[in-house]
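Peer 1: Quick one: the structure is below, questions incoming.
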Amino acid sequence: ATTKPTNNQTNQLSTMVKSLLIAATALATTASAFAPVATTTSKATSLNEFVNGYVGGEGPEPIPFSSQGTSVNWDPCGLSERAPEWVPWFREAELKHGRAAMLATVGFVVPEFFRIPGEQFTFAAVPNVIDAHDALPDSMIQIFAWISFLEACTFPALANMNNYDRQPGDFSFDPLGFYPEDEAAQKRLQLVELKNGRLAMIAIGGMVTQATMTGHGFPYLP
(Lines give C-alpha, C1' and ligand atoms only; values in the text may rest on other atoms or scores of the structure.)
Protein backbone atom coordinates (compact mmCIF):
# COMPACT_ATOMS: atom_id res chain seq x y z
CA ALA A 1 0.00 0.00 0.00
CA THR A 2 1.28 3.46 -0.86
CA THR A 3 1.12 6.50 1.40
CA LYS A 4 -0.50 9.65 0.03
CA PRO A 5 1.54 12.81 0.59
CA THR A 6 0.26 15.11 3.31
CA ASN A 7 -0.48 18.80 2.76
CA ASN A 8 2.76 19.66 4.55
CA GLN A 9 4.77 17.39 2.26
CA THR A 10 3.03 18.81 -0.81
CA ASN A 11 3.79 22.36 0.32
CA GLN A 12 7.38 21.38 1.00
CA LEU A 13 7.76 19.95 -2.51
CA SER A 14 6.19 23.09 -3.98
CA THR A 15 8.60 25.31 -2.04
CA MET A 16 11.60 23.28 -3.20
CA VAL A 17 10.47 23.39 -6.82
CA LYS A 18 10.03 27.16 -6.64
CA SER A 19 13.51 27.55 -5.13
CA LEU A 20 15.05 25.43 -7.87
CA LEU A 21 13.23 27.38 -10.58
CA ILE A 22 14.40 30.70 -9.12
CA ALA A 23 17.99 29.44 -8.98
CA ALA A 24 17.86 28.07 -12.50
CA THR A 25 16.35 31.28 -13.85
CA ALA A 26 19.01 33.40 -12.17
CA LEU A 27 21.85 31.31 -13.52
CA ALA A 28 20.35 31.07 -16.99
CA THR A 29 19.84 34.83 -17.14
CA THR A 30 23.43 35.61 -16.22
CA ALA A 31 24.86 32.88 -18.41
CA SER A 32 22.87 33.96 -21.47
CA ALA A 33 25.11 36.98 -21.85
CA PHE A 34 27.96 34.63 -22.66
CA ALA A 35 26.04 32.34 -25.03
CA PRO A 36 27.70 31.55 -28.35
CA VAL A 37 26.82 33.76 -31.28
CA ALA A 38 25.50 32.06 -34.40
CA THR A 39 27.99 32.11 -37.27
CA THR A 40 27.78 31.12 -40.91
CA THR A 41 30.92 28.97 -40.69
CA SER A 42 31.45 25.72 -38.86
CA LYS A 43 34.32 23.43 -38.06
CA ALA A 44 35.17 20.63 -40.42
CA THR A 45 34.45 18.09 -37.73
CA SER A 46 30.87 19.30 -37.54
CA LEU A 47 30.35 18.26 -41.14
CA ASN A 48 31.75 14.78 -40.81
CA GLU A 49 31.20 13.70 -37.20
CA PHE A 50 28.18 13.51 -34.94
CA VAL A 51 28.16 16.49 -32.51
CA ASN A 52 31.72 17.51 -33.38
CA GLY A 53 33.04 14.05 -32.55
CA TYR A 54 32.28 14.34 -28.83
CA VAL A 55 31.90 11.11 -26.86
CA GLY A 56 28.45 9.86 -25.97
CA GLY A 57 27.05 8.94 -29.36
CA GLU A 58 28.66 5.49 -29.54
CA GLY A 59 25.74 3.60 -28.01
CA PRO A 60 24.65 0.86 -28.38
CA GLU A 61 22.20 0.92 -25.43
CA PRO A 62 18.64 0.14 -26.56
CA ILE A 63 16.03 2.89 -26.32
CA PRO A 64 12.46 1.57 -26.18
CA PHE A 65 9.72 3.40 -28.06
CA SER A 66 12.33 5.13 -30.24
CA SER A 67 12.24 4.93 -34.02
CA GLN A 68 16.02 4.62 -34.01
CA GLY A 69 15.99 1.77 -31.48
CA THR A 70 19.44 2.45 -29.97
CA SER A 71 21.40 5.35 -28.48
CA VAL A 72 23.86 5.51 -31.38
CA ASN A 73 24.01 9.18 -32.45
CA TRP A 74 20.69 9.69 -30.66
CA ASP A 75 19.35 13.20 -31.19
CA PRO A 76 15.55 12.89 -31.52
CA CYS A 77 14.98 16.67 -31.53
CA GLY A 78 17.69 17.28 -34.13
CA LEU A 79 19.35 19.97 -32.00
CA SER A 80 22.82 19.24 -33.37
CA GLU A 81 21.58 19.85 -36.93
CA ARG A 82 19.35 22.83 -36.22
CA ALA A 83 21.87 24.68 -34.02
CA PRO A 84 25.38 23.32 -34.66
CA GLU A 85 26.99 26.45 -33.21
CA TRP A 86 25.35 25.60 -29.87
CA VAL A 87 26.69 22.03 -29.68
CA PRO A 88 29.71 22.93 -27.46
CA TRP A 89 27.35 24.88 -25.19
CA PHE A 90 24.96 21.92 -24.98
CA ARG A 91 27.78 19.57 -23.99
CA GLU A 92 29.15 22.07 -21.46
CA ALA A 93 25.70 22.31 -19.84
CA GLU A 94 25.26 18.55 -19.79
CA LEU A 95 28.64 17.98 -18.13
CA LYS A 96 28.06 20.75 -15.59
CA HIS A 97 24.64 19.42 -14.61
CA GLY A 98 25.95 15.86 -14.50
CA ARG A 99 28.83 16.80 -12.21
CA ALA A 100 26.51 18.74 -9.91
CA ALA A 101 24.09 15.82 -9.84
CA MET A 102 26.84 13.33 -8.94
CA LEU A 103 27.89 15.52 -6.01
CA ALA A 104 24.26 16.06 -5.02
CA THR A 105 23.52 12.33 -5.03
CA VAL A 106 26.39 11.62 -2.65
CA GLY A 107 25.56 14.68 -0.56
CA PHE A 108 21.95 13.60 -0.26
CA VAL A 109 22.71 10.09 1.01
CA VAL A 110 25.76 10.57 3.28
CA PRO A 111 24.03 12.91 5.78
CA GLU A 112 21.45 10.19 6.38
CA PHE A 113 24.24 8.37 8.28
CA PHE A 114 26.80 11.03 9.25
CA ARG A 115 26.37 14.68 10.28
CA ILE A 116 28.83 17.53 10.68
CA PRO A 117 29.21 19.11 14.15
CA GLY A 118 26.60 21.64 15.19
CA GLU A 119 23.34 21.37 17.12
CA GLN A 120 21.31 22.59 14.14
CA PHE A 121 22.64 19.70 12.02
CA THR A 122 21.88 16.86 14.45
CA PHE A 123 19.45 14.04 13.68
CA ALA A 124 17.15 15.43 16.38
CA ALA A 125 17.01 18.85 14.69
CA VAL A 126 16.78 17.52 11.14
CA PRO A 127 15.53 13.91 11.13
CA ASN A 128 15.63 13.57 7.33
CA VAL A 129 17.94 15.29 4.89
CA ILE A 130 15.01 16.53 2.81
CA ASP A 131 13.86 18.56 5.82
CA ALA A 132 17.07 20.61 5.77
CA HIS A 133 15.70 22.78 2.96
CA ASP A 134 13.14 24.40 5.27
CA ALA A 135 14.89 23.84 8.61
CA LEU A 136 18.20 25.50 7.62
CA PRO A 137 17.40 28.61 5.54
CA ASP A 138 20.74 30.29 6.36
CA SER A 139 22.61 27.24 5.11
CA MET A 140 20.55 27.24 1.92
CA ILE A 141 21.50 30.88 1.31
CA GLN A 142 25.18 30.05 1.79
CA ILE A 143 24.92 27.13 -0.63
CA PHE A 144 23.25 29.30 -3.25
CA ALA A 145 25.86 32.05 -2.77
CA TRP A 146 28.80 29.65 -3.23
CA ILE A 147 27.20 28.03 -6.27
CA SER A 148 26.66 31.47 -7.80
CA PHE A 149 30.29 32.39 -7.09
CA LEU A 150 31.61 29.22 -8.73
CA GLU A 151 29.29 29.77 -11.68
CA ALA A 152 30.60 33.30 -12.11
CA CYS A 153 34.18 32.00 -12.08
CA THR A 154 33.42 29.88 -15.15
CA PHE A 155 32.15 32.77 -17.28
CA PRO A 156 35.55 33.55 -18.86
CA ALA A 157 35.91 29.93 -19.96
CA LEU A 158 32.40 29.85 -21.41
CA ALA A 159 32.57 33.11 -23.32
CA ASN A 160 33.03 32.61 -27.08
CA MET A 161 33.56 28.85 -26.76
CA ASN A 162 33.63 28.41 -30.54
CA ASN A 163 36.56 30.77 -31.01
CA TYR A 164 39.30 28.72 -29.37
CA ASP A 165 40.29 25.11 -28.71
CA ARG A 166 38.92 24.61 -25.21
CA GLN A 167 36.89 21.40 -24.98
CA PRO A 168 33.50 21.61 -23.22
CA GLY A 169 33.85 20.86 -19.53
CA ASP A 170 37.65 21.24 -19.54
CA PHE A 171 38.82 23.64 -16.84
CA SER A 172 42.37 22.19 -16.68
CA PHE A 173 41.63 21.15 -13.11
CA ASP A 174 43.25 17.80 -12.36
CA PRO A 175 45.12 18.13 -9.05
CA LEU A 176 45.45 14.34 -8.59
CA GLY A 177 46.62 13.66 -12.13
CA PHE A 178 43.84 11.22 -13.03
CA TYR A 179 43.49 12.38 -16.63
CA PRO A 180 45.53 10.06 -18.87
CA GLU A 181 47.89 11.10 -21.67
CA ASP A 182 46.65 8.49 -24.15
CA GLU A 183 43.85 9.81 -26.39
CA ALA A 184 41.88 6.55 -26.34
CA ALA A 185 42.05 6.45 -22.54
CA GLN A 186 40.97 10.09 -22.41
CA LYS A 187 37.85 9.37 -24.48
CA ARG A 188 37.02 6.38 -22.29
CA LEU A 189 37.27 8.50 -19.13
CA GLN A 190 35.16 11.23 -20.74
CA LEU A 191 32.49 8.67 -21.60
CA VAL A 192 32.50 7.27 -18.06
CA GLU A 193 31.97 10.76 -16.61
CA LEU A 194 29.24 11.57 -19.13
CA LYS A 195 27.23 8.38 -18.50
CA ASN A 196 27.58 8.59 -14.72
CA GLY A 197 26.47 12.21 -14.86
CA ARG A 198 23.40 11.31 -16.91
CA LEU A 199 22.49 8.59 -14.44
CA ALA A 200 23.03 10.93 -11.47
CA MET A 201 20.72 13.57 -12.95
CA ILE A 202 17.92 11.03 -13.11
CA ALA A 203 18.82 9.60 -9.69
CA ILE A 204 18.82 12.85 -7.72
CA GLY A 205 15.45 13.83 -9.18
CA GLY A 206 13.98 10.50 -8.14
CA MET A 207 15.55 10.62 -4.69
CA VAL A 208 14.26 14.11 -3.87
CA THR A 209 10.77 13.29 -5.16
CA GLN A 210 10.57 9.99 -3.30
CA ALA A 211 11.93 11.49 -0.06
CA THR A 212 9.37 14.30 -0.23
CA MET A 213 6.47 12.01 -1.07
CA THR A 214 7.18 9.43 1.63
CA GLY A 215 8.71 11.64 4.32
CA HIS A 216 11.27 8.89 4.97
CA GLY A 217 15.03 8.80 4.85
CA PHE A 218 17.24 6.52 2.77
CA PRO A 219 16.21 4.40 0.85
CA TYR A 220 13.11 6.66 0.67
CA LEU A 221 10.58 3.84 0.56
CA PRO A 222 6.95 4.18 1.78
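In the C-alpha coordinates, the first chain shown is A, the next is B, and so on; residue numbers restart at 1 for each chain, and ligands run from 1 in the order shown.
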Name the residues in contact with region 56-60 of chain A at a cut-off of 7 Å, using only C-alpha atoms, excluding same-chain residues fewer than 4 positions from it; report them as a list in words.
Peer 2: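 That gives Thr70, Ser71, Val72, Asn73, Trp74 and Leu191 of chain A.
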Peer 1: Got time to write the residues from that selection, N, CA and C atoms, as a PDB file, in the first residue's frame?
Peer 2:
ATOM      1  N   THR A  70      18.258   2.459 -30.832  1.00  0.00           N
ATOM      2  CA  THR A  70      19.444   2.447 -29.973  1.00  0.00           C
ATOM      3  C   THR A  70      19.872   3.883 -29.693  1.00  0.00           C
ATOM      4  N   SER A  71      20.892   4.019 -28.836  1.00  0.00           N
ATOM      5  CA  SER A  71      21.397   5.345 -28.477  1.00  0.00           C
ATOM      6  C   SER A  71      22.529   5.804 -29.383  1.00  0.00           C
ATOM      7  N   VAL A  72      22.801   5.107 -30.463  1.00  0.00           N
ATOM      8  CA  VAL A  72      23.864   5.515 -31.376  1.00  0.00           C
ATOM      9  C   VAL A  72      23.460   6.819 -32.065  1.00  0.00           C
ATOM     10  N   ASN A  73      24.283   7.863 -31.855  1.00  0.00           N
ATOM     11  CA  ASN A  73      24.011   9.176 -32.454  1.00  0.00           C
ATOM     12  C   ASN A  73      22.558   9.608 -32.227  1.00  0.00           C
ATOM     13  N   TRP A  74      22.096   9.448 -30.992  1.00  0.00           N
ATOM     14  CA  TRP A  74      20.691   9.695 -30.660  1.00  0.00           C
ATOM     15  C   TRP A  74      20.450  11.181 -30.433  1.00  0.00           C
ATOM     16  N   LEU A 191      33.753   9.393 -21.456  1.00  0.00           N
ATOM     17  CA  LEU A 191      32.487   8.666 -21.605  1.00  0.00           C
ATOM     18  C   LEU A 191      31.977   8.178 -20.249  1.00  0.00           C
TER      19      LEU A 191
END
Peer 1: Please provide as a PyMOL selection string all residues within 12 Å of region 139-143 of chain A, with the sequence filter that same-chain residues fewer than 2 positions apart are discarded (counting only C-alpha atoms).
Peer 2: chain A and resi 16+19-20+23+104+120-121+131-137+145-150
Peer 1: Can you list every residue in region 35-215 of chain A that DSSP puts in helix (DSSP H, G or I), as an NGL selection string?
Peer 2: :A and (44-48 or 50-53 or 79-82 or 84-112 or 119-121 or 129-135 or 137-153 or 155-158 or 161-163 or 183-214)
